[in-house]
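Report on one structure; see the data block that follows.
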Amino acid sequence: MKKSFGEKFKALFKKKSVISDDFYEELTDILVEGDIGAKTAFQIVDELEEICTQKKIQEQEDIILELKQLLLQSVKSVELEPEPGKTNIWMILGVNGVGKTTSVAKMARMYANKGVQNVVLASADTFRAAAIEQLAMHGEKVGVRVISHQHGSDPSAVVFDAAEAVKAKGSGLVLADTAGRLHNKENLVRELQKINKTCTLKADEGCYKKLIVIDATTGQNALRQAEVFNEAVGVDAIILTKYDSTAKGGVAVSIGRELGIPVAYICTGEKYDDISSFNPDNYIDDFLGL
C-alpha cells in the first residue's frame with residue numbers, strides 16, 4: 001500500500017534529525033508526490049526555509065506549524081448560497097469522468113433540503129449519449145425538476161429554458177450540467193462561451209456562478225483542467241470529488257496558489273449526502289497527517 005503524504009512527511013522527520021539542505025530537498029520531493037506541482041512545491045519550501053532560518057526554528061512541531069501556515073495561504077474556501085427571490089444560474093464545468101453529473105445532483109439535493117425554492121437541473125451536456133438520461137434519473141431520485149432537449153441539441157437553449165422555468169416561478173436556482181470533452185478543446189470552449197453568454201443574460205445581477213468539478217486523485221492534470229476552463233469562461237469555485245484518505249489532494253494548493261480559485265465543496269462518496277463545505281484547516285491537517 002502506498003504511503004500517504006502525511007506518512008512520508010512524518011518519516012522524513014524521523015530520518016532527518018538535523019534540519020539541513022537535504023531535508024528541504026526531500027520535503028520538496030514529498031510535496032510534489034502529494035500532488036502539489038513542482039513549481040508550487042519549490043516556492044513553498046524556499047519560503048519555509050527562509051522563515052525557519054530567520055526565526056532559528058529547528059523543532060519538528062514548529063516547522064510543521066510554519067508549513068501549515070504557508071499551505072493555508074494558498075487554500076481558500078468560499079460559501080455559496082443562491083440569492084433568495086432571484087434567478088440564480090450556476091454553470092458546472094469539468095472534464096468527463098470527474099463526477100460532475102453526480103455532483104450536480106448532490107448540490108440539488110443539498111440546496112433543496114436547505115429550503116431553496118425551485119432548484120432546476122439543466123441538461124446542457126447534450127452530446128454525451130448517457131448524460132441526459134443520467135441527469136433525468138438523478139433529478140427523479142432527489143426530487144427536482146430537470147429541463148432537457150433532445151440528444152445533440154443546442155446546450156445554451158437548454159439553459160435558456162431552465163432559466164425561464166425558474167423565472168416563471170419568481171425565483172430559484174438553475175444548476176447547468178455541461179459537457180467536458182477536452183480532446184475537442186476548441187469546440188468545447190466555443191460551446192461553453194455560448195452557454196456563458198446565455199447564463200450572463202438570464203441570471204439576475206451577481207447571481208451567476210461558474211464551478212469546476214475536480215477529481216482529487218488526478219494530480220497535476222486537475223490543475224491543467226482548471227487552467228483551460230478558467231481561460232475559457234472564468235471559474236469562481238472548485239468542487240473537489242473523490243476526496244478521501246487515499247487522495248493526496250494537494251492539487252487544491254496548486255490551483256489556489258496559481259489561479260486563486262477557492263474551494264466550495266468536497267465530495268467523499270457516491271451517496272447524495274456525501275458532500276460538505278470545504279474547511280481549509282481540516283483539509284491541510286488531513287494533508288499533513290496531523
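Each chain in the C-alpha cells gets a letter, A, B, ..., in the order shown, and its residues are numbered from 1; ligands are numbered from 1 in order too.
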
Return as a PyMOL selection string the full set of residues in range 36-237 of chain A whose backbone-based DSSP assignment is strand (DSSP E or B). chain A and resi 77+87-93+119-124+145-147+172-178+208-215+237

Selected residues written out, C-alpha atoms, as a PDB file, in the first residue's frame:
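out08.pdb written:
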```
ATOM      1  CA  SER A  77     -12.747  28.406   0.918  1.00  0.00           C
ATOM      2  CA  THR A  87     -32.855  33.864 -10.696  1.00  0.00           C
ATOM      3  CA  ASN A  88     -29.559  32.151  -9.840  1.00  0.00           C
ATOM      4  CA  ILE A  89     -27.673  30.192 -12.505  1.00  0.00           C
ATOM      5  CA  TRP A  90     -24.625  28.097 -11.729  1.00  0.00           C
ATOM      6  CA  MET A  91     -22.733  26.529 -14.614  1.00  0.00           C
ATOM      7  CA  ILE A  92     -20.995  23.297 -13.572  1.00  0.00           C
ATOM      8  CA  LEU A  93     -17.771  22.676 -15.509  1.00  0.00           C
ATOM      9  CA  VAL A 119     -33.999  24.037  -7.871  1.00  0.00           C
ATOM     10  CA  VAL A 120     -33.905  23.089 -11.565  1.00  0.00           C
ATOM     11  CA  LEU A 121     -31.305  20.948 -13.343  1.00  0.00           C
ATOM     12  CA  ALA A 122     -30.392  21.911 -16.921  1.00  0.00           C
ATOM     13  CA  SER A 123     -29.130  19.030 -19.031  1.00  0.00           C
ATOM     14  CA  ALA A 124     -26.634  21.093 -21.042  1.00  0.00           C
ATOM     15  CA  ARG A 145     -37.166  19.240 -11.990  1.00  0.00           C
ATOM     16  CA  VAL A 146     -34.884  18.521 -14.961  1.00  0.00           C
ATOM     17  CA  ILE A 147     -35.006  20.521 -18.208  1.00  0.00           C
ATOM     18  CA  GLY A 172     -34.805  29.751  -7.897  1.00  0.00           C
ATOM     19  CA  LEU A 173     -31.554  28.051  -8.798  1.00  0.00           C
ATOM     20  CA  VAL A 174     -30.535  26.545 -12.148  1.00  0.00           C
ATOM     21  CA  LEU A 175     -27.673  24.017 -11.975  1.00  0.00           C
ATOM     22  CA  ALA A 176     -26.408  23.512 -15.525  1.00  0.00           C
ATOM     23  CA  ASP A 177     -24.539  20.270 -16.237  1.00  0.00           C
ATOM     24  CA  THR A 178     -22.163  20.950 -19.150  1.00  0.00           C
ATOM     25  CA  TYR A 208     -24.313  33.724 -11.897  1.00  0.00           C
ATOM     26  CA  LYS A 209     -21.508  31.407 -10.783  1.00  0.00           C
ATOM     27  CA  LYS A 210     -19.140  29.037 -12.589  1.00  0.00           C
ATOM     28  CA  LEU A 211     -17.993  25.995 -10.612  1.00  0.00           C
ATOM     29  CA  ILE A 212     -15.440  23.437 -11.738  1.00  0.00           C
ATOM     30  CA  VAL A 213     -15.546  19.818 -10.594  1.00  0.00           C
ATOM     31  CA  ILE A 214     -12.057  18.447  -9.961  1.00  0.00           C
ATOM     32  CA  ASP A 215     -11.148  14.830  -9.193  1.00  0.00           C
ATOM     33  CA  ALA A 237     -15.058  27.937  -7.175  1.00  0.00           C
TER      34      ALA A 237
END
```

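Shell of Glu61 in chain A at 12 Å, with only C-alpha atoms counted and residues fewer than 2 places along the chain excluded, is Lys10, Phe13, Cys52, Ile57, Gln58, Glu59, Ile63, Ile64, Leu65, Glu66, Leu67, Lys68, Leu288 and Leu290 of chain A.
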
Serialized selection, all heavy atoms, as an mmCIF file, in the first residue's frame:
```cif
data_model
loop_
_atom_site.group_PDB
_atom_site.id
_atom_site.type_symbol
_atom_site.label_atom_id
_atom_site.label_comp_id
_atom_site.auth_asym_id
_atom_site.auth_seq_id
_atom_site.Cartn_x
_atom_site.Cartn_y
_atom_site.Cartn_z
ATOM 1 N N LYS A 10 5.994 12.469 8.054
ATOM 2 C CA LYS A 10 6.439 12.077 9.404
ATOM 3 C C LYS A 10 7.745 11.275 9.333
ATOM 4 O O LYS A 10 8.634 11.440 10.165
ATOM 5 C CB LYS A 10 5.349 11.245 10.098
ATOM 6 C CG LYS A 10 4.211 12.113 10.631
ATOM 7 C CD LYS A 10 3.079 11.266 11.156
ATOM 8 C CE LYS A 10 1.916 12.133 11.612
ATOM 9 N NZ LYS A 10 0.670 11.396 11.686
ATOM 10 N N PHE A 13 10.965 13.373 9.106
ATOM 11 C CA PHE A 13 11.469 13.917 10.367
ATOM 12 C C PHE A 13 12.202 12.856 11.184
ATOM 13 O O PHE A 13 13.172 13.155 11.857
ATOM 14 C CB PHE A 13 10.324 14.514 11.188
ATOM 15 C CG PHE A 13 9.915 15.876 10.729
ATOM 16 C CD1 PHE A 13 8.777 16.051 9.953
ATOM 17 C CD2 PHE A 13 10.677 16.996 11.041
ATOM 18 C CE1 PHE A 13 8.402 17.317 9.527
ATOM 19 C CE2 PHE A 13 10.301 18.258 10.621
ATOM 20 C CZ PHE A 13 9.167 18.430 9.861
ATOM 21 N N CYS A 52 12.302 29.552 8.582
ATOM 22 C CA CYS A 52 12.958 28.751 9.636
ATOM 23 C C CYS A 52 14.363 29.275 9.939
ATOM 24 O O CYS A 52 14.796 29.248 11.100
ATOM 25 C CB CYS A 52 13.005 27.277 9.235
ATOM 26 S SG CYS A 52 11.357 26.519 9.231
ATOM 27 N N ILE A 57 14.334 28.279 13.646
ATOM 28 C CA ILE A 57 13.450 27.158 14.004
ATOM 29 C C ILE A 57 14.121 25.836 13.633
ATOM 30 O O ILE A 57 14.573 25.663 12.502
ATOM 31 C CB ILE A 57 12.091 27.295 13.267
ATOM 32 C CG1 ILE A 57 11.305 28.494 13.830
ATOM 33 C CG2 ILE A 57 11.265 26.020 13.393
ATOM 34 C CD1 ILE A 57 10.065 28.849 13.040
ATOM 35 N N GLN A 58 14.170 24.916 14.606
ATOM 36 C CA GLN A 58 14.761 23.595 14.372
ATOM 37 C C GLN A 58 13.823 22.463 14.789
ATOM 38 O O GLN A 58 13.968 21.337 14.349
ATOM 39 C CB GLN A 58 16.075 23.460 15.165
ATOM 40 C CG GLN A 58 17.267 24.203 14.567
ATOM 41 C CD GLN A 58 17.856 23.492 13.350
ATOM 42 O OE1 GLN A 58 17.995 22.275 13.341
ATOM 43 N NE2 GLN A 58 18.189 24.251 12.305
ATOM 44 N N GLU A 59 12.851 22.772 15.646
ATOM 45 C CA GLU A 59 11.972 21.730 16.186
ATOM 46 C C GLU A 59 10.925 21.300 15.162
ATOM 47 O O GLU A 59 10.343 22.128 14.469
ATOM 48 C CB GLU A 59 11.253 22.231 17.449
ATOM 49 C CG GLU A 59 12.161 22.479 18.644
ATOM 50 C CD GLU A 59 12.924 21.242 19.075
ATOM 51 O OE1 GLU A 59 12.280 20.176 19.201
ATOM 52 O OE2 GLU A 59 14.150 21.331 19.266
ATOM 53 N N ILE A 63 8.338 23.552 12.733
ATOM 54 C CA ILE A 63 8.475 23.519 11.268
ATOM 55 C C ILE A 63 7.129 23.153 10.633
ATOM 56 O O ILE A 63 6.703 23.776 9.664
ATOM 57 C CB ILE A 63 9.581 22.514 10.835
ATOM 58 C CG1 ILE A 63 10.952 23.025 11.269
ATOM 59 C CG2 ILE A 63 9.574 22.324 9.306
ATOM 60 C CD1 ILE A 63 12.063 22.007 11.139
ATOM 61 N N ILE A 64 6.474 22.147 11.230
ATOM 62 C CA ILE A 64 5.160 21.720 10.707
ATOM 63 C C ILE A 64 4.166 22.877 10.778
ATOM 64 O O ILE A 64 3.399 23.111 9.847
ATOM 65 C CB ILE A 64 4.634 20.488 11.490
ATOM 66 C CG1 ILE A 64 5.498 19.266 11.173
ATOM 67 C CG2 ILE A 64 3.172 20.200 11.136
ATOM 68 C CD1 ILE A 64 5.224 18.044 12.037
ATOM 69 N N LEU A 65 4.197 23.611 11.879
ATOM 70 C CA LEU A 65 3.289 24.748 12.065
ATOM 71 C C LEU A 65 3.510 25.812 10.986
ATOM 72 O O LEU A 65 2.554 26.344 10.409
ATOM 73 C CB LEU A 65 3.511 25.352 13.461
ATOM 74 C CG LEU A 65 2.299 26.013 14.100
ATOM 75 C CD1 LEU A 65 1.187 25.008 14.342
ATOM 76 C CD2 LEU A 65 2.695 26.687 15.411
ATOM 77 N N GLU A 66 4.775 26.099 10.711
ATOM 78 C CA GLU A 66 5.099 27.101 9.671
ATOM 79 C C GLU A 66 4.667 26.613 8.285
ATOM 80 O O GLU A 66 4.131 27.392 7.489
ATOM 81 C CB GLU A 66 6.605 27.412 9.657
ATOM 82 C CG GLU A 66 7.128 28.103 10.903
ATOM 83 C CD GLU A 66 6.560 29.504 11.128
ATOM 84 O OE1 GLU A 66 5.955 30.087 10.210
ATOM 85 O OE2 GLU A 66 6.720 30.025 12.252
ATOM 86 N N LEU A 67 4.886 25.313 8.028
ATOM 87 C CA LEU A 67 4.483 24.753 6.727
ATOM 88 C C LEU A 67 2.964 24.816 6.586
ATOM 89 O O LEU A 67 2.442 25.182 5.522
ATOM 90 C CB LEU A 67 4.979 23.303 6.593
ATOM 91 C CG LEU A 67 4.585 22.580 5.285
ATOM 92 C CD1 LEU A 67 5.119 23.309 4.058
ATOM 93 C CD2 LEU A 67 5.081 21.136 5.284
ATOM 94 N N LYS A 68 2.270 24.486 7.653
ATOM 95 C CA LYS A 68 0.801 24.536 7.614
ATOM 96 C C LYS A 68 0.316 25.948 7.271
ATOM 97 O O LYS A 68 -0.577 26.128 6.441
ATOM 98 C CB LYS A 68 0.217 24.079 8.959
ATOM 99 C CG LYS A 68 -1.323 24.092 8.957
ATOM 100 C CD LYS A 68 -1.940 23.679 10.284
ATOM 101 C CE LYS A 68 -3.436 23.914 10.245
ATOM 102 N NZ LYS A 68 -4.133 23.486 11.452
ATOM 103 N N LEU A 288 -1.355 16.936 5.869
ATOM 104 C CA LEU A 288 -0.091 16.792 6.603
ATOM 105 C C LEU A 288 -0.114 15.602 7.576
ATOM 106 O O LEU A 288 0.884 15.313 8.212
ATOM 107 C CB LEU A 288 0.222 18.077 7.378
ATOM 108 C CG LEU A 288 0.530 19.332 6.563
ATOM 109 C CD1 LEU A 288 0.704 20.530 7.461
ATOM 110 C CD2 LEU A 288 1.742 19.144 5.679
ATOM 111 N N LEU A 290 -1.877 15.399 10.346
ATOM 112 C CA LEU A 290 -1.805 15.897 11.744
ATOM 113 C C LEU A 290 -2.952 15.343 12.583
ATOM 114 O O LEU A 290 -4.027 15.083 12.067
ATOM 115 C CB LEU A 290 -1.856 17.436 11.744
ATOM 116 C CG LEU A 290 -0.710 18.129 11.003
ATOM 117 C CD1 LEU A 290 -0.876 19.639 11.040
ATOM 118 C CD2 LEU A 290 0.635 17.748 11.581
#
```

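For Glu81 in chain A, the list of residues within 10 Å, based on only C-alpha atoms and with local chain neighbours fewer than 2 positions off taken out, reads A:Val78, A:Glu79, A:Glu83, A:Pro84, A:Asn88, A:Tyr111, A:Lys114, A:Val116, A:Leu173, A:Cys207.
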
Among range 35-261 of chain A, which residues does DSSP mark as helix (DSSP H, G or I) when it is run on the backbone? Keep the chain and numbering as in the structure and answer as an MDAnalysis selection string. chainID A and resid 38:54 60:74 100:113 131:142 155:168 182:202 220:233 251:259

Using only C-alpha atoms, the best pick from A:Val98, A:Leu80, A:Leu72, A:Ala11 as closest to Ala264 in chain A would be A:Leu80

Write out as a list of chain:residue names each polymer residue whose atoms come within 9 Å of range 253-258 of chain A, counting only C-alpha atoms; drop sequence neighbours fewer than 3 positions from it. A:Asp35, A:Ile36, A:Gly37, A:Lys39, A:Thr40, A:Ala41, A:Leu71, A:Leu72, A:Gln73, A:Ser74, A:Val75, A:Lys76, A:Gln220, A:Ala222, A:Leu223, A:Ala226, A:Glu227, A:Gly249, A:Gly250, A:Ile261, A:Pro262, A:Val263

Those same residues, written as a PDB file, in the first residue's frame with C-alpha atoms?
```pdb
ATOM      1  CA  ASP A  35       0.227  16.400  -5.975  1.00  0.00           C
ATOM      2  CA  ILE A  36       1.427  19.899  -5.226  1.00  0.00           C
ATOM      3  CA  GLY A  37       3.061  20.833  -8.547  1.00  0.00           C
ATOM      4  CA  LYS A  39       6.683  24.987  -9.225  1.00  0.00           C
ATOM      5  CA  THR A  40       4.449  25.464  -6.163  1.00  0.00           C
ATOM      6  CA  ALA A  41       6.429  22.939  -4.088  1.00  0.00           C
ATOM      7  CA  LEU A  71      -0.108  25.934   2.754  1.00  0.00           C
ATOM      8  CA  LEU A  72      -3.160  27.646   4.256  1.00  0.00           C
ATOM      9  CA  GLN A  73      -2.256  30.874   2.441  1.00  0.00           C
ATOM     10  CA  SER A  74      -2.796  29.060  -0.863  1.00  0.00           C
ATOM     11  CA  VAL A  75      -6.040  27.280   0.015  1.00  0.00           C
ATOM     12  CA  LYS A  76      -9.154  29.409   0.282  1.00  0.00           C
ATOM     13  CA  GLN A 220      -1.484  17.942 -11.926  1.00  0.00           C
ATOM     14  CA  ALA A 222      -6.548  18.774 -12.476  1.00  0.00           C
ATOM     15  CA  LEU A 223      -4.505  21.991 -12.467  1.00  0.00           C
ATOM     16  CA  ALA A 226      -8.742  24.287 -14.160  1.00  0.00           C
ATOM     17  CA  GLU A 227      -6.480  26.460 -16.354  1.00  0.00           C
ATOM     18  CA  GLY A 249      -5.457  16.231  -2.623  1.00  0.00           C
ATOM     19  CA  GLY A 250      -2.504  18.626  -2.816  1.00  0.00           C
ATOM     20  CA  ILE A 261      -9.686  29.785  -7.174  1.00  0.00           C
ATOM     21  CA  PRO A 262     -11.268  28.862  -3.822  1.00  0.00           C
ATOM     22  CA  VAL A 263     -12.863  25.507  -2.920  1.00  0.00           C
TER      23      VAL A 263
END
```
